[in-house]
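**Student:** One structure, as structure tokens, below. Some questions next.
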Amino acid sequence: MFNRSHYVKSITDLIDRPEPLPELLFLGRSNVGKSSFINALTNRKNLARTSQNPGKTLALNYYLIDDAFYLVDAPGYGYAKRSKTQRDAFIIMIEKYLLKATDLKAVCLLIDFKVGPTEMDLLTYRFLKELSHLVIVIATKKDRIPKTRQKKQENLISAQLDETDAFFPVSNVTNEGIDDLRGMLAEIMGMR
Ligand SMILES: Nc1nc2c(ncn2[C@@H]2O[C@H](COP(=O)(O)OP(=O)(O)OP(=O)(O)O)[C@@H](O)[C@H]2O)c(=O)[nH]1
Ligand SMILES: [Mg+2]
């Protein structure tokens, strides 16, 4: 699982979607580590582009995994330097995508472990759940909190999510937590 990965295409209009296969979407605010997480999962340094120009491209990037399913890397929300027109266009595209996402198996919602869920993160979380999508909350940058404070931080984050939802702290730098998620996500994508 996650043995072969390649970039398929970037789309700004849903009409340009690649041939249908199961999809796993990555959402989260700009700079939270979506692209880095995709690189960690696929064991590739530069499969997904990590921010040189954060928030610049408002496209959905499709990566094909093991010829079986797509990882879909979305631009981050909450990027201050975007124009209102750009922000609106992005929100409209994501909403359209989510409302007609017949091949979407789950959404990985990435939050920052150190910051915890922001207001926008929680709004997105609620919105996804209202649409009955399976949401997997992943907290990135765990390495930025000293080990002695990690448990307390985990509890603070859990308290803001629904009781039934597990969330998964990871580090895309040390790869902590990545192997476990690879297994879990493969299962969700019907690969095990
Ligand atoms: N310390 C630490 N830094 C990380 C981690 N994950 C990502 N980063 C850093 O955070 C920055 C943003 O990472 P990206 O993967 O580009 O974030 P993104 O969510 O794809 O950003 P956008 O595409 O702009 O929405 C980069 O400098 C990464 O190296 C992590 O787990 N730990
Ligand atoms: Mg990115």
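FYI, nothing fancy with the structure tokens labels: chains A, B, ... in order, residues from 1 per chain, ligands from 1 as they appear.
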Need the shell around Met1 in chain A: protein/DNA/RNA residues with any atom at most 12 Å away, counting only C-alpha atoms. Skip same-chain ones fewer than 3 positions apart. Format as JSON, numbers by chain?
**Tutor:** {"A": [4, 5, 41, 42, 43, 64, 65, 66, 67, 68, 69, 179, 181, 182, 183, 184, 185, 186, 187, 188, 189, 190, 191, 192]}
**Student:** Suppose we keep C-alpha atoms; can you now write the selection as a compact mmCIF listing (two decimals), in the first residue's frame?
**Tutor:**
```txt
# COMPACT_ATOMS: atom_id res chain seq x y z
CA ARG A 4 3.47 3.59 -6.13
CA SER A 5 2.41 7.19 -6.43
CA LEU A 41 2.46 9.02 3.41
CA THR A 42 3.89 8.24 0.00
CA ASN A 43 7.52 8.28 1.14
CA LEU A 64 -2.73 8.33 -8.07
CA ILE A 65 -1.78 5.72 -5.47
CA ASP A 66 -1.11 2.08 -6.39
CA ASP A 67 -3.23 2.56 -9.54
CA ALA A 68 -6.23 2.25 -7.23
CA PHE A 69 -7.21 5.57 -5.66
CA ASP A 179 2.90 4.31 9.47
CA LEU A 181 -2.19 6.25 9.37
CA ARG A 182 -0.96 4.66 6.17
CA GLY A 183 -2.52 1.38 7.32
CA MET A 184 -5.74 2.99 8.43
CA LEU A 185 -6.17 5.05 5.27
CA ALA A 186 -5.41 2.05 3.04
CA GLU A 187 -8.20 0.21 4.80
CA ILE A 188 -10.63 3.10 4.30
CA MET A 189 -9.69 3.19 0.61
CA GLY A 190 -10.60 -0.49 0.36
CA MET A 191 -7.02 -1.66 -0.05
CA ARG A 192 -6.88 -4.19 2.77
```
**Student:** Give the residues close to ligand 2, within 9 Å, counting only C-alpha atoms and all ligand atoms; write them as a count of residues only.
**Tutor:** 17
**Student:** Which one is closest to ligand 1: A:Thr164, A:Asn3, A:Thr140, A:Thr148? Count only C-alpha atoms and all ligand atoms.
**Tutor:**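 The shortest atom-to-atom distance to ligand 1 comes from A:Thr140.
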**Student:** So what do you get for CA of Asp143 in chain A versus atom 32 (N, counted along the ligand's line) of ligand 1, distance-wise?
**Tutor:**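 Interatomic distance, CA of Asp143 in chain A to atom 32 (N, counted along the ligand's line) of ligand 1: 5.8 Å.
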**Student:** Taking the chain letters and numbering used in this document, name the residues of chain A that DSSP puts in strand (DSSP E), as a PyMOL selection string.
**Tutor:** chain A and resi 5-11+23-28+60-65+69-73+104-112+135-140+167-169
**Student:** Could you pull out all residues of range 86-172 of chain A with a DSSP call of alpha helix (DSSP H) and give them as number ranges by chain?
**Tutor:** A: 86-99, 119-130, 147-158
**Student:** Produce a file of the selected residues containing C-alpha atoms, as a PDB file, in the first residue's frame.
**Tutor:**
```pdb
ATOM      1  CA  GLN A  86      -9.960  34.115  -5.111  1.00  0.00           C
ATOM      2  CA  ARG A  87     -11.311  33.091  -1.714  1.00  0.00           C
ATOM      3  CA  ASP A  88     -14.869  32.978  -3.025  1.00  0.00           C
ATOM      4  CA  ALA A  89     -13.837  30.964  -6.083  1.00  0.00           C
ATOM      5  CA  PHE A  90     -12.056  28.458  -3.860  1.00  0.00           C
ATOM      6  CA  ILE A  91     -14.966  28.056  -1.451  1.00  0.00           C
ATOM      7  CA  ILE A  92     -17.401  27.593  -4.334  1.00  0.00           C
ATOM      8  CA  MET A  93     -15.212  24.942  -5.934  1.00  0.00           C
ATOM      9  CA  ILE A  94     -14.738  22.992  -2.687  1.00  0.00           C
ATOM     10  CA  GLU A  95     -18.440  23.173  -1.886  1.00  0.00           C
ATOM     11  CA  LYS A  96     -19.346  21.940  -5.367  1.00  0.00           C
ATOM     12  CA  TYR A  97     -16.789  19.192  -5.024  1.00  0.00           C
ATOM     13  CA  LEU A  98     -18.137  18.086  -1.629  1.00  0.00           C
ATOM     14  CA  LEU A  99     -21.766  18.146  -2.701  1.00  0.00           C
ATOM     15  CA  GLU A 119     -12.595  28.631  14.287  1.00  0.00           C
ATOM     16  CA  MET A 120     -12.323  27.930  10.552  1.00  0.00           C
ATOM     17  CA  ASP A 121     -11.150  24.355  11.276  1.00  0.00           C
ATOM     18  CA  LEU A 122     -14.189  23.751  13.477  1.00  0.00           C
ATOM     19  CA  LEU A 123     -16.560  25.249  10.896  1.00  0.00           C
ATOM     20  CA  THR A 124     -15.093  22.986   8.250  1.00  0.00           C
ATOM     21  CA  TYR A 125     -15.321  19.990  10.581  1.00  0.00           C
ATOM     22  CA  ARG A 126     -19.024  20.659  11.248  1.00  0.00           C
ATOM     23  CA  PHE A 127     -19.762  21.287   7.572  1.00  0.00           C
ATOM     24  CA  LEU A 128     -18.132  18.007   6.504  1.00  0.00           C
ATOM     25  CA  LYS A 129     -20.015  16.069   9.130  1.00  0.00           C
ATOM     26  CA  GLU A 130     -23.309  17.663   8.154  1.00  0.00           C
ATOM     27  CA  LYS A 147       7.090  15.394  24.818  1.00  0.00           C
ATOM     28  CA  THR A 148       6.139  16.292  28.398  1.00  0.00           C
ATOM     29  CA  ARG A 149       3.315  18.545  27.169  1.00  0.00           C
ATOM     30  CA  GLN A 150       1.969  16.369  24.345  1.00  0.00           C
ATOM     31  CA  LYS A 151      -0.613  14.466  26.392  1.00  0.00           C
ATOM     32  CA  LYS A 152      -2.104  17.682  27.759  1.00  0.00           C
ATOM     33  CA  GLN A 153      -2.295  19.126  24.264  1.00  0.00           C
ATOM     34  CA  GLU A 154      -4.003  15.953  22.967  1.00  0.00           C
ATOM     35  CA  ASN A 155      -6.655  16.294  25.655  1.00  0.00           C
ATOM     36  CA  LEU A 156      -7.227  19.959  24.823  1.00  0.00           C
ATOM     37  CA  ILE A 157      -7.803  19.091  21.165  1.00  0.00           C
ATOM     38  CA  SER A 158     -10.029  16.064  21.891  1.00  0.00           C
TER      39      SER A 158
END
```
**Student:** Nearest residue to Phe167 in chain A out of A:Thr102, A:Lys141, A:Cys108, A:Asp13, using only C-alpha atoms?
**Tutor:**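 With only C-alpha atoms as the atom set, the closest residue is A:Cys108.
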**Student:** Would you mind reading off the distance between CA of Val107 in chain A and CA of Ala40 in chain A, one decimal, in Å?
**Tutor:**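 These two atoms are separated by 17.1 Å.
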**Student:** If I take atom 13 (O, counted along the ligand's line) of ligand 1 and CA of Asn172 in chain A, how far is one from the other in Å, to one decimal?
**Tutor:**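 These two atoms are separated by 9.0 Å.
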**Student:** Need to verify the contact set: Ser10 in chain A, 8 Å, only C-alpha atoms, exclusion of same-chain residues closer than 3 positions in sequence. Can you return it as number ranges by chain?
**Tutor:** A: 59-62
**Student:** Residues as selected, all heavy atoms, written as a JSON list (two decimals), in the first residue's frame, can you do that?
**Tutor:**
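Output saved as part_4.json:
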```json
[["chain", "number", "residue", "atom", "x", "y", "z"],
["A", 59, "ALA", "N", -5.94, 25.21, -7.00],
["A", 59, "ALA", "CA", -6.30, 24.03, -7.79],
["A", 59, "ALA", "C", -6.36, 22.82, -6.88],
["A", 59, "ALA", "O", -5.75, 22.79, -5.82],
["A", 59, "ALA", "CB", -5.25, 23.81, -8.87],
["A", 60, "LEU", "N", -7.14, 21.81, -7.32],
["A", 60, "LEU", "CA", -7.11, 20.51, -6.65],
["A", 60, "LEU", "C", -6.07, 19.65, -7.37],
["A", 60, "LEU", "O", -6.13, 19.50, -8.59],
["A", 60, "LEU", "CB", -8.48, 19.83, -6.74],
["A", 60, "LEU", "CG", -9.63, 20.51, -5.99],
["A", 60, "LEU", "CD1", -10.95, 19.80, -6.31],
["A", 60, "LEU", "CD2", -9.38, 20.51, -4.49],
["A", 61, "ASN", "N", -5.13, 19.13, -6.61],
["A", 61, "ASN", "CA", -4.06, 18.32, -7.20],
["A", 61, "ASN", "C", -4.34, 16.85, -6.96],
["A", 61, "ASN", "O", -4.48, 16.43, -5.82],
["A", 61, "ASN", "CB", -2.72, 18.70, -6.58],
["A", 61, "ASN", "CG", -2.43, 20.18, -6.73],
["A", 61, "ASN", "OD1", -2.42, 20.70, -7.83],
["A", 61, "ASN", "ND2", -2.25, 20.87, -5.61],
["A", 62, "TYR", "N", -4.38, 16.07, -8.05],
["A", 62, "TYR", "CA", -4.68, 14.64, -7.96],
["A", 62, "TYR", "C", -3.40, 13.81, -8.03],
["A", 62, "TYR", "O", -2.60, 13.98, -8.95],
["A", 62, "TYR", "CB", -5.60, 14.22, -9.13],
["A", 62, "TYR", "CG", -7.05, 14.54, -8.88],
["A", 62, "TYR", "CD1", -7.52, 15.83, -8.96],
["A", 62, "TYR", "CD2", -7.95, 13.52, -8.55],
["A", 62, "TYR", "CE1", -8.86, 16.12, -8.72],
["A", 62, "TYR", "CE2", -9.29, 13.80, -8.32],
["A", 62, "TYR", "CZ", -9.73, 15.09, -8.41],
["A", 62, "TYR", "OH", -11.06, 15.38, -8.17]]
```
